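Undergrad: Mind having a look at this structure? Questions to follow.
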Amino acid sequence: MIIKFTDIHNPEGVLQKPKPASEYIPDWYKEAKTYLHPSGKQRLMDDNSPYSTVKKCMPLFDMMTAGYIIETPYDIYVTQTEDGPYFRHGEMEAVAFQSMNQTQNHPYFRDINYAVRLVHPWSIETPKGWSIMVMEPQHHEPGPIVCSSGIVDTDRYPMPFNIFLKLRDPNFEGVIEAGTPLVQVIPFKRDNWTSKLGGDKEKENVIKFKIGRAHV
């Protein structure tokens with residue numbers, strides 16, 4: 001499958017293109033131990049629970065490395081004013097303020113008095129039937145800005161989309177440098193789902209699986 005990123009503002013490709021999230025593994029994870037046993041190897045504790053750490057958690061690793069990372073393509077300058085923080089940027093017209101009336105008491109905006117959106121410069125196209133999830137980079141150190149999450153049907157809407165942002169520290173003032181990981185983009189295939197409850201057969205399969213894993 002192919003996901004296509006097109007820089008509509010700068011076709012010469014000067015900006016850093018989105019890269020696989022697997023290239024942004026944070027230092028805390030790289031430095032973490034895999035096992036707590038003094039030998040550094042897999043061993044069971046007295047209660048038969050493993051010595052393994054969060055580094056052996058595949059759901060965490062798979063989430064952290066899924067999809068692509070879009071960086072801030074320019075420096076964002078933040079200053080504090082009597083009316084709240086003010087965001088300035090480089091040459092591109094990408095940061096814009098909107099009326100708070102448009103937020104309609106959304107929980108994301110309840111603790112702030114500003115609605116700021118950033119339009120990233122990338123057109124993202126996916127094959128028919130595929131969309132993208134957009135969220136903050138998962139399991140990374142918290143950055144200076146918090147970005148709203150959402151889903152974009154990029155097979156139907158390939159234009160750059162808005163990302164609402166706010167300061168993690170409301171008193172932050174300074175520069176958010178170009179190249180700061182901004183959002184994580186994860187492609188997924190749309191489908192219709194129904195749900196049902198499992199019965200005795202499913203329960204037995206889970207128990208067998210658990211017993212088998214205990215002896216691995």
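If you're wondering about the labels, chains in the structure tokens are A, B, ... by order shown, residues count from 1 in each chain, ligands from 1 in order shown.
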I'd like to know which residues of segment 133-204 of chain A are strand (DSSP E) (by DSSP, run on the backbone); could you write them as a list in words?

TA: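 Everything in segment 133-204 of chain A that counts as strand (DSSP E) is Met133, Val134, Met135, Ile145, Val146, Cys147, Gly150, Ile151, Val152, Asn162, Ile163, Phe164, Leu165, Lys166, Leu167, Gly174, Val175, Ile176, Pro181, Leu182, Val183, Gln184, Val185, Ile186, Pro187, Phe188 and Lys189 of chain A.
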
Undergrad: Could you check the closest approach to Met58 of chain A for each of A:Thr103, A:Thr34, A:Gln80, A:Gln98 and tell me which residue wins, using only C-alpha atoms?

TA: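 Among the listed residues, A:Thr34 lies closest to Met58 of chain A.
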
Undergrad: So that I can check the secondary structure, give me every residue of chain A assigned helix (DSSP H, G or I) by backbone DSSP, as JSON, numbers by chain.

TA: {"A": [21, 22, 23, 24, 27, 28, 29, 30, 31, 54, 55, 56, 58, 59, 60, 61, 62, 63, 64, 100, 101, 102, 103, 107, 108, 109, 200, 201, 202, 203, 204, 205, 206, 207, 208, 209, 210, 211, 212, 213, 214]}

Undergrad: Looking at A:Val206, A:Leu36, A:Ala115, A:Ile211, which one is nearest to Tyr86 of chain A, with distances taken over only C-alpha atoms?

TA: A:Ala115

Undergrad: Skip segment 152-167 of chain A itself and residues of its chain fewer than 5 positions away, then list as an MDAnalysis selection string all residues within 6 Å of it, counting only C-alpha atoms.

TA: chainID A and resid 116:119 122:128 131:132 144:147

Undergrad: If you count only C-alpha atoms, which residues fall within 12 Å of Ile112 of chain A, apart from same-chain ones fewer than 6 positions away, as a PyMOL selection string?

TA: chain A and resi 83-85+100+103+105-106+165-171

Undergrad: Give the answer as one residue: which of A:Ile176, A:His120, A:Ile2, A:Ile186 has the shortest atom-to-atom distance to Gly150 of chain A, using only C-alpha atoms?

TA: A:Ile186

Undergrad: Between A:Asn113, A:Gly179, A:Phe209, A:Thr53, which is the closest to Glu82 of chain A once you count only C-alpha atoms?

TA: A:Asn113

Undergrad: If we count only C-alpha atoms, what is near Pro181 of chain A at a cut-off of 9 Å, once residues fewer than 4 positions away on the same chain are taken out, given as a ChimeraX atom specification?

TA: /A:24,69-72,136-137,143

Undergrad: Which of these residues is nearest to Thr81 of chain A, using only C-alpha atoms: A:Lys17, A:Arg190, A:Ile207, A:Tyr114?

TA: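 Nearest to Thr81 of chain A: A:Tyr114.
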
Undergrad: Which one of A:Lys201, A:Lys189, A:Lys210, A:Lys196 sits closest to Met1 of chain A if you count only C-alpha atoms?

TA: A:Lys189
